[in-house]
Amino acid sequence: MAADPAAAAAAAAISAVMDWRSSPDARAAAFAYLESLKNGDVRGLASTSFLLVRKDQAPEIRLHGFKMLQHMVRLRWEELSATERNEFANLTISLISEVVGPHEEWALKSQTAGLVAEVVRREGVALLNTLLPSIVSLSNSGPIEAELVAMILRWLPEDITVHNEDLEGDRRRSLLRGLTEALPHILPLLYSLLEKHFIAALNEHTKQQMDLAKQHAGTVTAVLNAVNAYAEWAPVTDLAKYGLIHGCGSLLSYSDFRLHACEFFKVICQRKRPVDVAVAEYDAAICNIFQVLMNISQQFLTRSGMQPSAIDESEYEFATCICETMVALGSSNMQCILADGAKTFQFLQQMLEYYKHYKAALHFQSLLFWLVVLREPSKAKSVARVSGDNSAAGHSTSTGDSSTEKEKKGVSVFVTDEIYRTILDVSFKKMLKNSASASSGLVELWSEELEGKSDFSNYRTKLLDLIKVIASQRPLIAAASVVQRINVVFGDTNQATKSSQDLDAMEGAQLGLEAVVSAIFDGSVDLGKIDQETKSQIHKIFEGLLQQLLSLKWTEPGLAVIHGHYLDALGPFLRYYPDAVGSVVNKLFELLTSLPITFQDPSNSSRLARLQICSSFIRISRAADKALLPHMKNIADTMAYLQGEGRLLRGEHNHLCEAFLVMASSAGVQQQQEVLAWLLEPHSKMWTQMEWQTAFLSDPSGLTNMFADSQFMWSIYHTVTFFEKTLKRSGTKKPTATPQAPTTTSAPGYLHPMSSHLPWIMPPLLRLLRCIHALWAEPFAQSQTGEIKAAKSMTVAEQASLLGETGKLAKSQVAPADGLLDAQREGESKENNIRNWLRGVRDSGYNVLGLAATLGEPLFRCIEGSSVTLALMENVQVMEFRHLRQLIHLVIIPLVKYCPADLWQVWLVNLLQPLFVHCQQALHYSWSSLLHEGRAKVPDSIGNLSGSELKVEVMEEKLLRDLTREVCSVLWVLASPGLNSGLPSLEQLGPSNRMDSSFRDLESLASSSLTGFLMLHIGAALPALRISVEVFSWTDSEAVTKVISFCGALIHLAVATNQAELRQFVAKDLFSSIIQGLSVESNSIMSAELVGLCREIYVYLSDRDPAPKQVLLSLPHIKQEDLLAFDDSLSKTASPKEQKQHMRSLLLLATGNKLRALAAQKATNVITNVTTRNRSSTAHYGSSAEEDGHIGLAAISQT
């Protein structure tokens, strides 16, 4: 070592970095030295690294040396000559003999294997063919050598199984071809090693030779890891031919190897039958896998059924792996066994047992299987099969059909009605979440502890999807099953109260009812093709349930809400059986009036229940469609009567009016207009009066007077929210049941029903929003009372949302529901009252503006753009980030998207200029604070927050990121294709060296390109351009994703026009910023798009402007000849993909591999010191002595 100063210095630097006693400065200096060595002369790097991996070095130094060699092979291999690469390969192979000692650390063996594989992948097929005989010979030397050979074989196909952008094209195909040609040598070798060392491990265990047994077991594990690397791509028929399916199947019975063996089958089972393979051979191999898995599965199911207490967690873990594998097999390859009816039926029965199983993890895996196989039949088939009682003959080995016919029919022919009933029964029971109120000793309910599973809402969604699928295929069975479940959970209907556990069960059954009814009556089933007897039975079942619901006398608030939900779940049924609609309407009004209006109840349970019942009117109106039209007058009269009696609160009235709008939407435009006029008339009379506007909206101080009049304050709130509801609910009826914003286009001559009302709605609303915004501006902000100042801070719900803790909120902390805001609630402070009002009016007011914008011309022609700009932008400088983000999302983006092109000048310039100017300054300041001081400085008033200062910092950063993304969303909309139809593509523009006369004036694009229009207005364009370059240095990948299309539009404009300033900005500032963005690791997910932008700038602008070449030449590691070679490479290909690859390689070279976004993508293929380990707590093989003190010989014996 003393003879080589570079190696000695490197070893010392590695020791300094690894030594915890080193000072920070010493560690930093050592790290810098090692980085300089990696980026320095490539031959010096190779020479030094080979010296570092010698056996006389300390293990940590050798380990780092191997990593440096891998770094060189991955990133700098092309810098070596052919002779040097050959010498490097020989030296690498010679390292194998140095790490095969019995006491050599596993990490070093792994790194050596990874390095050898990396060199083979880089050099290609020739080296692989040269290497194979020597590694076969080496594997015969002993278990340690065989383990190392298995590691090498495991890493060879890494670039086939893991995407590597550097290996696209010929090199990747060459590697795949070479490995495929070598499979007749590799696969038999792997099987031989598996068999040989497994038997040896058992023999040595029998002889009590524990050390030798451990070595052989470690080899078996290494071979299994290697086999799994080939299972993903090697032909399944080859894996069967060379015995690997048989070998891995045999190991499923041995606890120390079974998880690795199961992974092999899991990988294979996810593959589908190739089109270029002999079907009979492939199906035979898959049938064999079916039998192997079913045998081991049956052993577990039998044991867990007879002695569940004898099954430990490791066995459940293995069972879960087997179940996952069977799900993959059945989902992808079920057609392979359909010809064997007995085997198919046995497989389905096992999957049904998993679905019924006590362990939720097993049930969840089976759920995924049933979702796939039951969705398999086409709609025509499911319609043809919907009948009352069909029993499949799947358990018979002879059905009279050929295998081809069975394959066409799919699994459904084997699924009996009893299977359907069982799945439904389990699904209804599993609808509950595990909690103190919903616990059962008979079944394990879903809980947060199920690692790796989707959250409960997603799980429940899958359950409901499965219920819908079954209901669409067996409607009568589904109807009978869900009603049976409802009768069970209802219990004694005469009980005045129910336990929380009973309420949970009733809610779960209601979701099941909703799923079944919607599947049968909402279009999944063609009712016209169901036989009359079945249809009559379904009608009888639901009619009986409806009569039972109508006879209930529940008055407790919780039960009343559930009662209403059950009634609205039957909405689609009422569409086909309208005779019962009147009774349902009367029952809902009976439920509503049975609950008292009380302001003294701190929990507001009664008023919340009343609101929920009013919401049931909306849901029934949406689901029952025209069936409610004959009852509109009766509903209107009842509403008027209750309102006159003082028994209907304002929020409840708004809900019922919303239901009216939904009903009217199914009656045609004329009726909808009449209903709107009727509903809006009382609001119009109040809203347009000048007295209240003069008193409260002349200046912000007027609002303080309104806050003193609680009743009028909430009256204003309900009026604004009603405008919001009318805009959401009116217009052309949507084909889906989901409420959506009104469509902007319809048939020619169509005028939205709300169009005529916008002229009187908008002016007071804009004045109201202007006054709210001014509450944060001086001098009004200083003169406010303490209550108003405190009311401007965040609500507890807003704080929880920013912290991601919404699930932890108590009911009292959640923002009050719309109808609870009629007056100040008992015990609630005036501060909270004002805070809730401000938030509610702002939310709904912004929504009214945004929804009105989607109507297009009616809004933009009915009011002056200057009044909107004044209301929204006058005090934008003092807006908190949360409010500014909301304004952009709900108002600015719709205004930009739907503003007619001839009004861009009047509306958008005046809106976007102050917005962009302020946002650029605010974001620049806050991001600078975050990146340089570690804390984002935002103007938001957080309010009282219990907990650490860290929570405040988290909230501030979240506010900053949310606003950044929203501002970038505006840029994304500005560049959207629909608003830039006149912007030509780069392909249309042709080569970069075309004549100057072909360039257009920017003005010629201003009417057909919103981005081009923006560039003509320097006041709005400059801050937008600053944001577009600064965002690349802000560590927010989502914001960068949104701004990419805007940058692309700028490039197109720079290429298409003769605008010199824009071209210079793109060629220099934007180009530099994008390259800088590639140095931010979080941008790795869109690195390909960023490299694409760099390619467009250079290819289309470098001949017209010197800046792109100057930018590249300013990078630290580029030379003039590198750029010339790059130009030459570009000239030889017209493929954008290949040009992007050349650009990517040049950027890495020019920056010394410092672009983290590109390096992070490369790092996906780094060989690390890991292997596929047992997921259980049993012993691991092949690791160092520190990791394993013993072999765990109990695991080697057959379980």
# chains A, B, ... in the order shown; residues from 1 in each chain; ligands from 1
>>> residues_around(residues="range 1033-1038 of chain A", least_positions_apart="5", cutoff="10 Å", atoms="only C-alpha atoms", output="PyMOL selection string")
chain A and resi 923-924+927-928+930-931+961-962+964-965+968-969+1043+1073-1086
>>> select_by_dssp(residues="range 525-635 of chain A", states="alpha helix (DSSP H)", output="number ranges by chain")
A: 532-551, 557-569, 571-576, 581-594, 605-624, 632-635
>>> residues_around(residues="Gln484 in chain A", least_positions_apart="6", cutoff="12 Å", atoms="only C-alpha atoms", output="list in words")
Arg421, Leu424, Asp425, Phe428, Lys429, Ile477, Ala478, Phe490, Gly491, Ala509, Gly512, Leu513, Ile541, Phe542, Gly544 and Leu545 of chain A
>>> decode(residues="range 158-270 of chain A", atoms="C-alpha atoms", output="short mmCIF file (atom, residue, chain, number, x, y, z; two decimals), in the first residue's frame")
data_model
loop_
_atom_site.label_atom_id
_atom_site.label_comp_id
_atom_site.auth_asym_id
_atom_site.auth_seq_id
_atom_site.Cartn_x
_atom_site.Cartn_y
_atom_site.Cartn_z
CA GLU A 158 -31.05 -7.53 -13.70
CA ASP A 159 -31.28 -5.15 -16.67
CA ILE A 160 -33.96 -7.31 -18.25
CA THR A 161 -36.22 -7.43 -15.21
CA VAL A 162 -35.59 -3.83 -14.04
CA HIS A 163 -36.13 -1.00 -16.50
CA ASN A 164 -32.90 0.76 -17.37
CA GLU A 165 -33.11 3.68 -19.76
CA ASP A 166 -29.43 3.21 -20.68
CA LEU A 167 -30.09 -0.28 -22.00
CA GLU A 168 -32.90 0.45 -24.45
CA GLY A 169 -32.50 -0.75 -28.01
CA ASP A 170 -29.84 -3.03 -29.38
CA ARG A 171 -27.81 -3.52 -26.19
CA ARG A 172 -30.82 -4.65 -24.21
CA ARG A 173 -31.99 -6.96 -26.98
CA SER A 174 -28.48 -8.35 -27.28
CA LEU A 175 -28.34 -9.09 -23.54
CA LEU A 176 -31.75 -10.77 -23.63
CA ARG A 177 -30.78 -12.80 -26.67
CA GLY A 178 -27.50 -13.89 -25.11
CA LEU A 179 -29.09 -14.93 -21.83
CA THR A 180 -31.89 -16.73 -23.66
CA GLU A 181 -29.34 -18.70 -25.69
CA ALA A 182 -27.55 -19.55 -22.46
CA LEU A 183 -30.67 -20.81 -20.68
CA PRO A 184 -30.02 -24.48 -21.67
CA HIS A 185 -26.80 -24.15 -19.64
CA ILE A 186 -27.98 -21.84 -16.83
CA LEU A 187 -31.29 -23.49 -15.89
CA PRO A 188 -29.95 -27.07 -15.60
CA LEU A 189 -27.06 -25.70 -13.52
CA LEU A 190 -29.48 -23.97 -11.17
CA TYR A 191 -31.61 -27.11 -10.80
CA SER A 192 -28.51 -29.20 -10.19
CA LEU A 193 -27.26 -26.81 -7.49
CA LEU A 194 -30.71 -26.67 -5.89
CA GLU A 195 -31.06 -30.42 -5.70
CA LYS A 196 -27.45 -31.13 -4.73
CA HIS A 197 -27.20 -28.64 -1.88
CA PHE A 198 -30.69 -29.24 -0.54
CA ILE A 199 -29.93 -32.95 -0.15
CA ALA A 200 -26.51 -32.11 1.29
CA ALA A 201 -28.09 -29.77 3.85
CA LEU A 202 -30.43 -32.53 5.00
CA ASN A 203 -27.61 -35.07 5.18
CA GLU A 204 -25.30 -32.77 7.13
CA HIS A 205 -28.15 -31.95 9.48
CA THR A 206 -28.70 -35.64 10.07
CA LYS A 207 -24.99 -36.00 10.88
CA GLN A 208 -25.22 -32.97 13.21
CA GLN A 209 -22.65 -31.15 11.09
CA MET A 210 -24.25 -27.77 11.73
CA ASP A 211 -21.69 -25.52 10.05
CA LEU A 212 -21.74 -27.51 6.83
CA ALA A 213 -25.54 -27.71 6.94
CA LYS A 214 -25.69 -23.95 7.23
CA GLN A 215 -23.37 -23.48 4.25
CA HIS A 216 -25.47 -25.77 2.04
CA ALA A 217 -28.70 -24.08 3.21
CA GLY A 218 -27.23 -20.68 2.34
CA THR A 219 -26.46 -21.98 -1.14
CA VAL A 220 -30.04 -23.22 -1.56
CA THR A 221 -31.33 -19.77 -0.63
CA ALA A 222 -28.93 -18.10 -3.08
CA VAL A 223 -30.01 -20.47 -5.86
CA LEU A 224 -33.68 -19.75 -5.16
CA ASN A 225 -32.95 -16.02 -5.43
CA ALA A 226 -31.27 -16.67 -8.77
CA VAL A 227 -34.15 -18.85 -10.00
CA ASN A 228 -36.60 -16.07 -9.11
CA ALA A 229 -34.62 -13.63 -11.28
CA TYR A 230 -35.21 -15.90 -14.31
CA ALA A 231 -38.82 -16.75 -13.49
CA GLU A 232 -39.95 -13.30 -14.62
CA TRP A 233 -38.82 -13.65 -18.24
CA ALA A 234 -37.49 -17.12 -19.08
CA PRO A 235 -40.03 -19.26 -21.00
CA VAL A 236 -42.29 -21.09 -18.58
CA THR A 237 -41.91 -24.21 -20.68
CA ASP A 238 -38.13 -24.08 -20.16
CA LEU A 239 -38.54 -23.66 -16.41
CA ALA A 240 -40.71 -26.78 -16.43
CA LYS A 241 -38.46 -28.68 -18.86
CA TYR A 242 -35.36 -28.23 -16.71
CA GLY A 243 -37.10 -29.24 -13.48
CA LEU A 244 -37.26 -25.89 -11.66
CA ILE A 245 -41.05 -25.98 -11.20
CA HIS A 246 -40.74 -29.44 -9.67
CA GLY A 247 -37.75 -28.45 -7.54
CA CYS A 248 -39.30 -25.28 -6.12
CA GLY A 249 -42.57 -27.12 -5.55
CA SER A 250 -40.74 -29.68 -3.42
CA LEU A 251 -39.27 -26.93 -1.25
CA LEU A 252 -42.71 -25.51 -0.38
CA SER A 253 -42.89 -28.10 2.42
CA TYR A 254 -39.72 -26.87 4.13
CA SER A 255 -40.20 -23.84 6.33
CA ASP A 256 -36.79 -22.25 5.76
CA PHE A 257 -37.09 -22.28 1.97
CA ARG A 258 -40.83 -22.10 1.39
CA LEU A 259 -41.15 -18.33 1.15
CA HIS A 260 -38.36 -18.09 -1.43
CA ALA A 261 -39.88 -20.99 -3.35
CA CYS A 262 -43.30 -19.38 -3.16
CA GLU A 263 -41.88 -16.15 -4.62
CA PHE A 264 -40.79 -18.20 -7.65
CA PHE A 265 -44.35 -19.35 -8.24
CA LYS A 266 -45.77 -15.90 -7.56
CA VAL A 267 -43.60 -14.42 -10.31
CA ILE A 268 -44.54 -17.12 -12.82
CA CYS A 269 -48.22 -16.95 -11.99
CA GLN A 270 -48.39 -13.27 -12.88
#
